[in-house]
$ cat start-v7.cif   # mmCIF, C-alpha atoms
data_model
loop_
_atom_site.label_atom_id
_atom_site.label_comp_id
_atom_site.auth_asym_id
_atom_site.auth_seq_id
_atom_site.Cartn_x
_atom_site.Cartn_y
_atom_site.Cartn_z
CA MET A 7 71.35 20.74 -34.01
CA GLU A 8 72.86 22.96 -31.37
CA LYS A 9 75.37 21.04 -29.26
CA LEU A 10 74.42 20.49 -25.62
CA SER A 11 76.71 21.18 -22.69
CA VAL A 12 77.80 18.35 -20.40
CA GLU A 13 75.20 19.37 -17.79
CA GLN A 14 72.50 19.43 -20.46
CA LEU A 15 73.66 16.02 -21.68
CA LYS A 16 73.32 14.66 -18.14
CA ALA A 17 69.74 15.91 -17.98
CA LYS A 18 69.00 14.44 -21.40
CA SER A 19 70.47 11.09 -20.30
CA LYS A 20 68.10 10.98 -17.34
CA LEU A 21 65.14 11.76 -19.61
CA ILE A 22 66.16 8.99 -22.01
CA ARG A 23 66.38 6.56 -19.09
CA ARG A 24 62.82 7.50 -18.09
CA HIS A 25 61.67 6.81 -21.64
CA ILE A 26 63.35 3.38 -21.58
CA ILE A 27 61.59 2.41 -18.35
CA GLU A 28 58.22 3.69 -19.57
CA MET A 29 58.54 1.99 -22.97
CA THR A 30 59.57 -1.43 -21.76
CA GLY A 31 57.13 -1.27 -18.86
CA ALA A 32 54.20 -0.43 -21.13
CA ALA A 33 55.17 -3.18 -23.57
CA ALA A 34 55.85 -5.67 -20.76
CA SER A 35 58.69 -6.69 -23.05
CA GLY A 36 62.13 -5.56 -24.15
CA HIS A 37 65.72 -5.30 -22.96
CA PRO A 38 66.06 -2.57 -20.33
CA GLY A 39 69.46 -3.59 -18.91
CA GLY A 40 71.55 -3.19 -22.05
CA SER A 41 69.54 -0.16 -23.12
CA LEU A 42 70.30 1.68 -19.89
CA SER A 43 74.02 0.89 -20.15
CA SER A 44 74.31 2.63 -23.53
CA VAL A 45 72.47 5.86 -22.66
CA GLU A 46 75.44 8.21 -22.26
CA ILE A 47 77.05 6.90 -25.44
CA LEU A 48 73.94 7.59 -27.51
CA THR A 49 73.27 10.91 -25.78
CA ALA A 50 76.75 12.21 -26.54
CA LEU A 51 76.48 11.13 -30.17
CA TYR A 52 73.00 12.47 -30.90
CA PHE A 53 73.19 15.71 -28.94
CA ASN A 54 76.79 16.80 -29.33
CA LEU A 55 78.85 14.84 -31.85
CA MET A 56 76.87 13.66 -34.88
CA GLU A 57 75.80 15.66 -37.93
CA PHE A 58 72.30 14.74 -39.14
CA ASN A 59 68.96 16.21 -40.16
CA PRO A 60 65.76 14.65 -38.76
CA GLN A 61 63.75 16.46 -41.46
CA ASP A 62 65.89 14.78 -44.13
CA PRO A 63 66.89 11.36 -42.75
CA GLN A 64 68.59 10.39 -46.02
CA TRP A 65 70.74 13.53 -46.25
CA PRO A 66 73.82 12.19 -48.08
CA ASP A 67 76.34 13.94 -45.83
CA ARG A 68 74.85 12.77 -42.53
CA ASP A 69 76.85 10.78 -40.02
CA ARG A 70 75.67 7.18 -39.79
CA LEU A 71 74.92 5.34 -36.55
CA ILE A 72 74.53 1.56 -36.63
CA MET A 73 73.07 0.00 -33.49
CA SER A 74 74.65 -3.42 -33.84
CA LYS A 75 73.30 -4.43 -30.42
CA GLY A 76 69.77 -4.14 -31.80
CA HIS A 77 68.15 -5.31 -28.57
CA GLY A 78 69.19 -1.91 -27.17
CA SER A 79 66.56 -0.31 -29.40
CA PRO A 80 64.70 1.45 -26.55
CA ALA A 81 67.74 3.66 -25.96
CA LEU A 82 68.13 4.30 -29.69
CA TYR A 83 64.45 5.18 -30.14
CA ALA A 84 64.44 7.49 -27.13
CA ALA A 85 67.50 9.35 -28.43
CA MET A 86 65.98 9.62 -31.90
CA ALA A 87 62.67 10.91 -30.57
CA GLU A 88 64.36 13.55 -28.44
CA SER A 89 66.48 14.48 -31.48
CA GLY A 90 63.37 15.29 -33.52
CA TYR A 91 62.95 12.23 -35.73
CA PHE A 92 59.46 11.61 -34.39
CA ASP A 93 57.10 12.66 -31.59
CA PRO A 94 58.28 11.27 -28.21
CA LYS A 95 54.66 10.34 -27.52
CA THR A 96 55.14 7.56 -30.10
CA LEU A 97 57.63 5.83 -27.77
CA ILE A 98 54.80 4.31 -25.76
CA SER A 99 53.87 2.23 -28.85
CA PHE A 100 57.14 0.28 -28.51
CA ARG A 101 56.66 -3.36 -29.60
CA LYS A 102 52.96 -2.83 -30.25
CA LEU A 103 51.45 -4.39 -33.39
CA GLY A 104 51.88 -1.99 -36.31
CA SER A 105 54.27 0.32 -34.48
CA PRO A 106 57.39 1.55 -36.32
CA LEU A 107 59.24 0.93 -33.06
CA GLN A 108 59.94 -2.76 -33.43
CA GLY A 109 61.72 -4.76 -30.74
CA HIS A 110 64.83 -4.50 -32.92
CA PRO A 111 65.48 -1.58 -35.29
CA ASP A 112 63.94 -1.90 -38.75
CA ARG A 113 65.12 0.65 -41.32
CA LYS A 114 62.09 -0.04 -43.51
CA LYS A 115 59.71 1.05 -40.76
CA LEU A 116 61.50 3.96 -39.09
CA PRO A 117 63.26 6.74 -41.03
CA GLY A 118 66.59 7.52 -39.41
CA VAL A 119 67.46 3.90 -38.64
CA GLU A 120 70.53 3.07 -40.73
CA ALA A 121 70.49 -0.71 -40.44
CA SER A 122 68.06 -3.43 -39.42
CA THR A 123 69.91 -5.16 -36.61
CA GLY A 124 69.39 -7.75 -33.92
CA SER A 125 71.26 -10.77 -35.27
CA LEU A 126 74.33 -10.07 -33.21
CA GLY A 127 77.78 -9.60 -34.71
CA GLN A 128 76.69 -8.17 -38.05
CA GLY A 129 76.70 -4.44 -37.32
CA LEU A 130 80.45 -3.92 -37.59
CA SER A 131 80.56 -5.59 -41.01
CA PHE A 132 77.77 -3.28 -42.15
CA GLY A 133 79.70 -0.31 -40.76
CA VAL A 134 82.87 -1.30 -42.61
CA GLY A 135 80.92 -1.44 -45.86
CA VAL A 136 79.34 1.96 -45.24
CA SER A 137 82.75 3.46 -44.47
CA MET A 138 84.31 2.01 -47.62
CA ALA A 139 81.39 3.43 -49.63
CA ARG A 140 82.05 6.83 -48.04
CA ARG A 141 85.59 6.76 -49.36
CA LEU A 142 84.45 5.78 -52.85
CA ASP A 143 81.87 8.57 -52.81
CA LYS A 144 84.48 11.06 -51.55
CA LYS A 145 82.29 12.02 -48.59
CA ASP A 146 83.44 13.16 -45.16
CA TYR A 147 80.86 11.68 -42.80
CA TYR A 148 81.60 9.38 -39.86
CA THR A 149 80.16 5.92 -39.28
CA TYR A 150 79.56 4.95 -35.66
CA VAL A 151 78.87 1.35 -34.67
CA ILE A 152 77.52 0.63 -31.19
CA THR A 153 78.47 -2.96 -30.46
CA SER A 154 78.27 -5.14 -27.36
CA ASP A 155 80.63 -7.28 -25.32
CA GLY A 156 78.60 -10.40 -26.20
CA GLU A 157 79.24 -9.66 -29.86
CA MET A 158 82.94 -10.06 -29.21
CA ASN A 159 82.19 -13.82 -29.23
CA GLU A 160 81.08 -13.58 -32.87
CA GLY A 161 83.60 -14.54 -35.53
CA GLN A 162 82.08 -12.06 -37.96
CA THR A 163 83.11 -9.22 -35.65
CA TRP A 164 86.76 -10.14 -36.04
CA GLU A 165 86.44 -10.71 -39.79
CA ALA A 166 85.13 -7.15 -40.04
CA ALA A 167 87.92 -5.91 -37.80
CA ALA A 168 90.56 -7.52 -40.02
CA MET A 169 88.98 -6.20 -43.23
CA ALA A 170 88.72 -2.62 -41.94
CA ALA A 171 92.34 -2.54 -40.82
CA HIS A 172 93.62 -4.18 -44.00
CA HIS A 173 91.89 -1.52 -46.13
CA LYS A 174 92.94 1.29 -43.76
CA VAL A 175 89.35 2.39 -43.28
CA ASP A 176 89.05 5.60 -41.28
CA HIS A 177 86.02 7.70 -40.33
CA LEU A 178 84.85 4.41 -38.76
CA ILE A 179 84.39 4.54 -34.98
CA ALA A 180 83.16 1.50 -33.08
CA ILE A 181 82.01 1.98 -29.50
CA LEU A 182 81.89 -1.16 -27.40
CA ASP A 183 79.24 -1.09 -24.65
CA ASP A 184 81.21 -3.29 -22.27
CA ASN A 185 78.69 -3.92 -19.48
CA LYS A 186 80.19 -7.35 -18.66
CA TYR A 187 76.99 -9.35 -19.23
CA GLN A 188 75.18 -11.08 -22.06
CA LEU A 189 71.95 -13.07 -22.25
CA ASP A 190 72.78 -16.09 -20.10
CA SER A 191 75.48 -14.88 -17.72
CA SER A 192 78.59 -12.75 -17.42
CA THR A 193 80.83 -12.46 -20.45
CA GLN A 194 83.71 -13.70 -18.31
CA GLU A 195 81.87 -16.95 -17.54
CA ILE A 196 80.48 -17.60 -21.04
CA CYS A 197 83.58 -16.84 -23.11
CA ASP A 198 86.13 -14.48 -21.62
CA MET A 199 87.49 -12.31 -24.45
CA GLU A 200 89.95 -10.31 -22.37
CA PRO A 201 92.37 -8.73 -22.92
CA LEU A 202 90.19 -6.85 -25.41
CA THR A 203 92.45 -3.83 -25.72
CA GLU A 204 95.39 -5.98 -26.76
CA LYS A 205 93.23 -7.97 -29.18
CA TRP A 206 91.99 -4.86 -30.97
CA LYS A 207 95.48 -3.43 -31.09
CA ALA A 208 96.67 -6.71 -32.61
CA PHE A 209 94.06 -6.20 -35.33
CA HIS A 210 95.65 -2.77 -35.97
CA TRP A 211 92.81 -0.63 -34.64
CA HIS A 212 93.27 2.63 -32.75
CA VAL A 213 92.04 1.75 -29.24
CA GLN A 214 90.88 3.82 -26.27
CA GLU A 215 89.37 2.68 -22.95
CA ILE A 216 86.99 4.93 -21.03
CA ASP A 217 84.24 5.05 -18.42
CA GLY A 218 81.16 4.70 -20.64
CA HIS A 219 79.02 6.81 -18.30
CA ASP A 220 81.45 9.74 -18.15
CA LEU A 221 80.14 12.17 -20.76
CA LYS A 222 83.33 14.24 -20.85
CA ALA A 223 85.35 11.08 -21.44
CA ILE A 224 83.02 9.99 -24.24
CA LEU A 225 83.19 13.38 -25.95
CA ASN A 226 86.98 13.51 -25.69
CA ALA A 227 87.44 9.94 -26.91
CA VAL A 228 85.18 10.37 -29.93
CA GLU A 229 86.81 13.65 -30.89
CA LYS A 230 90.20 11.96 -30.68
CA ALA A 231 88.96 9.01 -32.76
CA GLN A 232 87.63 11.39 -35.41
CA LYS A 233 91.19 12.58 -36.03
CA VAL A 234 92.58 9.10 -36.68
CA LYS A 235 93.66 8.64 -40.30
CA ASP A 236 94.15 5.45 -42.34
CA GLN A 237 93.02 3.29 -39.43
CA PRO A 238 89.68 2.30 -37.86
CA ALA A 239 89.08 3.26 -34.23
CA ILE A 240 87.34 1.58 -31.32
CA ILE A 241 86.38 2.99 -27.94
CA ILE A 242 85.97 0.35 -25.24
CA ALA A 243 83.39 1.92 -22.93
CA HIS A 244 83.18 0.24 -19.53
CA THR A 245 79.55 0.44 -18.46
CA VAL A 246 77.11 -0.90 -15.88
CA LYS A 247 74.16 -2.95 -17.05
CA GLY A 248 70.94 -1.31 -15.88
CA LYS A 249 72.76 1.94 -15.07
CA GLY A 250 70.65 4.56 -13.31
CA VAL A 251 68.11 2.26 -11.65
CA SER A 252 69.32 0.83 -8.35
CA PHE A 253 67.67 -2.60 -8.55
CA MET A 254 68.69 -3.06 -12.19
CA GLU A 255 72.37 -2.09 -11.91
CA GLY A 256 74.55 -5.15 -12.46
CA ASN A 257 71.42 -7.34 -12.36
CA ASN A 258 71.37 -9.54 -15.45
CA ALA A 259 67.81 -10.62 -14.67
CA PHE A 260 66.82 -7.45 -16.55
CA HIS A 261 68.70 -8.35 -19.73
CA GLY A 262 65.48 -9.25 -21.53
CA VAL A 263 62.81 -8.83 -18.86
CA ALA A 264 60.73 -5.65 -18.60
CA PRO A 265 59.99 -3.98 -15.25
CA THR A 266 56.63 -4.66 -13.62
CA PRO A 267 54.23 -1.74 -13.06
CA GLU A 268 55.48 -1.40 -9.48
CA GLN A 269 59.11 -1.53 -10.61
CA VAL A 270 58.33 1.14 -13.22
CA ARG A 271 56.94 3.37 -10.46
CA ILE A 272 60.05 2.88 -8.29
CA ALA A 273 62.46 3.39 -11.20
CA LEU A 274 60.77 6.58 -12.38
CA LYS A 275 60.85 7.91 -8.82
CA GLU A 276 64.62 7.31 -8.73
CA LEU A 277 64.99 9.08 -12.09
CA GLU A 278 63.07 12.25 -11.12
#

$ encode --input "start-v7.cif" --output "structure tokens"
Amino acid sequence: MEKLSVEQLKAKSKLIRRHIIEMTGAAASGHPGGSLSSVEILTALYFNLMEFNPQDPQWPDRDRLIMSKGHGSPALYAAMAESGYFDPKTLISFRKLGSPLQGHPDRKKLPGVEASTGSLGQGLSFGVGVSMARRLDKKDYYTYVITSDGEMNEGQTWEAAAMAAHHKVDHLIAILDDNKYQLDSSTQEICDMEPLTEKWKAFHWHVQEIDGHDLKAILNAVEKAQKVKDQPAIIIAHTVKGKGVSFMEGNNAFHGVAPTPEQVRIALKELE
């Protein structure tokens, strides 16, 4: 696909946010807060950085994207639809019976989904395995893992981190959607994992910290991470839960609660 400019990426991000609101509103179910926080990350990857072919989802040389925070599926589906994997009109079937757009990504139902996720903390392990397979197959693709700050509480995350560093796995880029909240409360209150940068450095990862809504910063950080050799890379992207919708920003009530019809109307008005 032709790479989009930063201004075009901004417009695409707004469109994806509209899709998220419409999807979760129509389903009266879903996770809008954490979907909205990851929009710029997914937009930059799908429309500027990743190599893939929607007409051939299993193209062997494609870059892989693993949405470890599977509850953020509305953002993933919206990006995939706009990328050409399926008709955007299908988005409105989100969470409907028989729809390929399950509440959490299912690779058996939707071509283009690399991993069935939703049980938090497993995506990075999957990504490490994919990256090690890449090396065995002598391929040159990148594996991106979108993980969440809540997943930093999972022991499996750190087991994967240790394994990747020990085996000097490169072409593996984790992006942490650090929106400071998880299901029940703030990450600081539930189990404060700071200082995250120092922890990841201690596990021998190449670490960068950025504003996760700054598209230029995302593009620059990923391009820098792509050049890292013999070491996995992580980008800690500081984000705002519910970004782009005034009454959802920083409001953890929308972690797993869909907007009402009136809230959908207000949100879409803001996103015009």

$ residues_around --input "start-v7.cif" --residues "Thr203 in chain A" --least-positions-apart "6" --cutoff "8 Å" --atoms "only C-alpha atoms" --output "PDB file with C-alpha atoms, in the coordinates of the input"
ATOM      1  CA  VAL A 213      92.040   1.750 -29.240  1.00  0.00           C
ATOM      2  CA  GLN A 214      90.880   3.820 -26.270  1.00  0.00           C
ATOM      3  CA  GLU A 215      89.370   2.680 -22.950  1.00  0.00           C
ATOM      4  CA  ILE A 242      85.970   0.350 -25.240  1.00  0.00           C
TER       5      ILE A 242
END

$ residues_around --input "start-v7.cif" --residues "Leu107 in chain A" --least-positions-apart "5" --cutoff "8 Å" --atoms "only C-alpha atoms" --output "ChimeraX atom specification"
/A:83,97,99-102,112,115-116

$ closest_residue --input "start-v7.cif" --among "A:Ile22, A:Leu274, A:Leu130, A:Leu189" --to "His77 in chain A" --atoms "all atoms listed in the file"
A:Leu189

$ atom_distance --input "start-v7.cif" --atom1 "CA of Asp155 in chain A" --atom2 "CA of Gly118 in chain A"
24.8 Å

$ atom_distance --input "start-v7.cif" --atom1 "CA of Leu182 in chain A" --atom2 "CA of Ala168 in chain A"
16.6 Å

$ atom_distance --input "start-v7.cif" --atom1 "CA of Met7 in chain A" --atom2 "CA of Tyr52 in chain A"
9.0 Å

$ resolve_selection --input "start-v7.cif" --expression "the PyMOL selection byres ((chain A and resi 61) around 10)" --output "MDAnalysis selection string"
chainID A and resid 58:60 62:65 90:92 117:118
